[in-house]
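**Q** The structure follows.
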Number of protein chains: 2
Amino acid sequence: MSQSGFASTPRPPYYAVIFTSQRQGPDDGYGETAQRMVELAATMPGYLGVESVRGEDGLGITVSYWESEEAIANWRNHAEHATARARGREAWYSRYELRVAKVERAYGGPPKAGAQ
Amino acid sequence: MSQSGFASTPRPPYYAVIFTSQRQGPDDGYGETAQRMVELAATMPGYLGVESVRGEDGLGITVSYWESEEAIANWRNHAEHATARARGREAWYSRYELRVAKVERAYGGPPKAGAQ
């Protein structure tokens with residue numbers, strides 16, 4: 001994740017994996033594993049970036065960006081990631097939803113006054 | 001937004017609008033307008049749901065889900081929404097990124113032990 005919290009993604013098309021989750025229970029290794037997954041994902045081929053937020057109520061949204069479906073599959077198949085997901089299902093999350101989406105267009109801002 | 005914080009979306013395909021933003025400055029109507037936009041979006045044709053989280057550092061991710069590109073365009077063209085976006089660009093956000101993506105597959109969990 002960049003220091004700003006925003007991912008620097010290229011011109012579309014590319015892919016987004018939208019992971020929404022509700023934390024439950026004690027930390028029990030969660031924080032360390034989550035940080036490790038962010039670092040590990042960044043080493044994967046086709047990784048473009050990540051944006052991640054968790055609120056005080058434990059609801060979180062993490063969006064990771066990837067060049068291709070193949071890159072997402074590679075990351076999904078990484079053994080350490082698979083182990084972490086299993087811990088997530090068993091202990092850390094009361095619920096999660098994962099959606100894989102193809103980003104078709106993107107823009108940002110705000111353009112500052114006079115910046116045109 | 002549902003009480004759980006999760007959107008109840010149908011089987012893909014459908015669309016996701018991923019809005020990442022960094023809040024700045026005083027509230028200055030932000031909270032009220034944000035709540036109003038959530039309520040207004042839910043009245044729009046083709047609206048499927050929203051998931052939204054903002055962290056203590058002011059970084060937020062809101063993902064709204066829509067049946068079609070046309071539904072997204074209708075919402076974008078809603079006058080009150082356009083006014084709110086302008087306030088966001090001018091005052092509430094130091095930066096934002098918006099990505100429109102087509103959700104191709106989705107799954108959730110966790111399946112509880114013995115639930116199979």
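Order determines the names: the first chain of the structure tokens is A, the second B, and so forth; residues in each chain are numbered 1 upward, and ligands are numbered 1 upward as they are shown.
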I need the chain A residues near chain B as a list in words; criterion: at most 7 Å, counting only C-alpha atoms.
**A** Val53, Arg54, Gly55, Leu59, Gly60, Ile61, Arg89, Arg95, Tyr96, Glu97, Leu98, Arg99, Val100, Ala101, Lys102, Val103, Glu104, Arg105, Ala106, Tyr107, Gly108, Gly109 and Pro110 of chain A
**Q** Go ahead and save the picked residues with C-alpha atoms, as an mmCIF file, in the first residue's frame.
**A**
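Output file out-v3.cif is given in full below:
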data_model
loop_
_atom_site.group_PDB
_atom_site.id
_atom_site.type_symbol
_atom_site.label_atom_id
_atom_site.label_comp_id
_atom_site.auth_asym_id
_atom_site.auth_seq_id
_atom_site.Cartn_x
_atom_site.Cartn_y
_atom_site.Cartn_z
ATOM 1 C CA VAL A 53 -9.764 0.573 5.380
ATOM 2 C CA ARG A 54 -11.235 -0.845 8.573
ATOM 3 C CA GLY A 55 -13.691 1.068 10.710
ATOM 4 C CA LEU A 59 -16.098 -3.705 9.158
ATOM 5 C CA GLY A 60 -13.349 -3.542 6.559
ATOM 6 C CA ILE A 61 -13.004 -3.120 2.823
ATOM 7 C CA ARG A 89 -12.648 -18.179 7.788
ATOM 8 C CA ARG A 95 -18.468 -12.809 7.626
ATOM 9 C CA TYR A 96 -16.789 -11.836 4.392
ATOM 10 C CA GLU A 97 -17.733 -11.239 0.791
ATOM 11 C CA LEU A 98 -15.303 -11.313 -2.104
ATOM 12 C CA ARG A 99 -16.022 -9.932 -5.535
ATOM 13 C CA VAL A 100 -13.776 -10.018 -8.581
ATOM 14 C CA ALA A 101 -14.425 -7.197 -11.013
ATOM 15 C CA LYS A 102 -12.960 -5.812 -14.207
ATOM 16 C CA VAL A 103 -12.252 -2.086 -13.921
ATOM 17 C CA GLU A 104 -13.496 -0.461 -17.094
ATOM 18 C CA ARG A 105 -12.899 3.198 -16.352
ATOM 19 C CA ALA A 106 -11.369 5.306 -13.640
ATOM 20 C CA TYR A 107 -10.759 8.893 -12.732
ATOM 21 C CA GLY A 108 -9.653 10.892 -9.760
ATOM 22 C CA GLY A 109 -9.331 14.310 -8.320
ATOM 23 C CA PRO A 110 -10.076 16.816 -7.180
#
**Q** Assign secondary structure with DSSP using the backbone only, and return the residues of chain A in helix (DSSP H, G or I) as a VMD selection string.
**A** chain A and resid 30 to 41 69 to 77 79 to 92
**Q** Need to verify the contact set: B:Met37, 8 Å, only C-alpha atoms, exclusion of same-chain residues closer than 4 positions in sequence. Can you return it as a list in words?
**A** Thr33, Ala41 and His81 of chain B
**Q** Generate the output file for the selected residues, C-alpha atoms, as a PDB file, in the first residue's frame.
**A**
ATOM      1  CA  THR B  33     -24.730  14.973   2.984  1.00  0.00           C
ATOM      2  CA  ALA B  41     -28.875   6.286  -4.013  1.00  0.00           C
ATOM      3  CA  HIS B  81     -25.745  14.048  -6.288  1.00  0.00           C
TER       4      HIS B  81
END
**Q** If you run DSSP on this backbone, which residues of chain A come out as strand (DSSP E or B), and could you give them as a PyMOL selection string?
**A** chain A and resi 14-23+47-54+59-66+93-109
**Q** Between atom CA of B:Leu40 and atom CA of B:Ser68, what is the distance, to one decimal in Å?
**A**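 We find that atom CA of B:Leu40 and atom CA of B:Ser68 lie 17.5 Å from each other.
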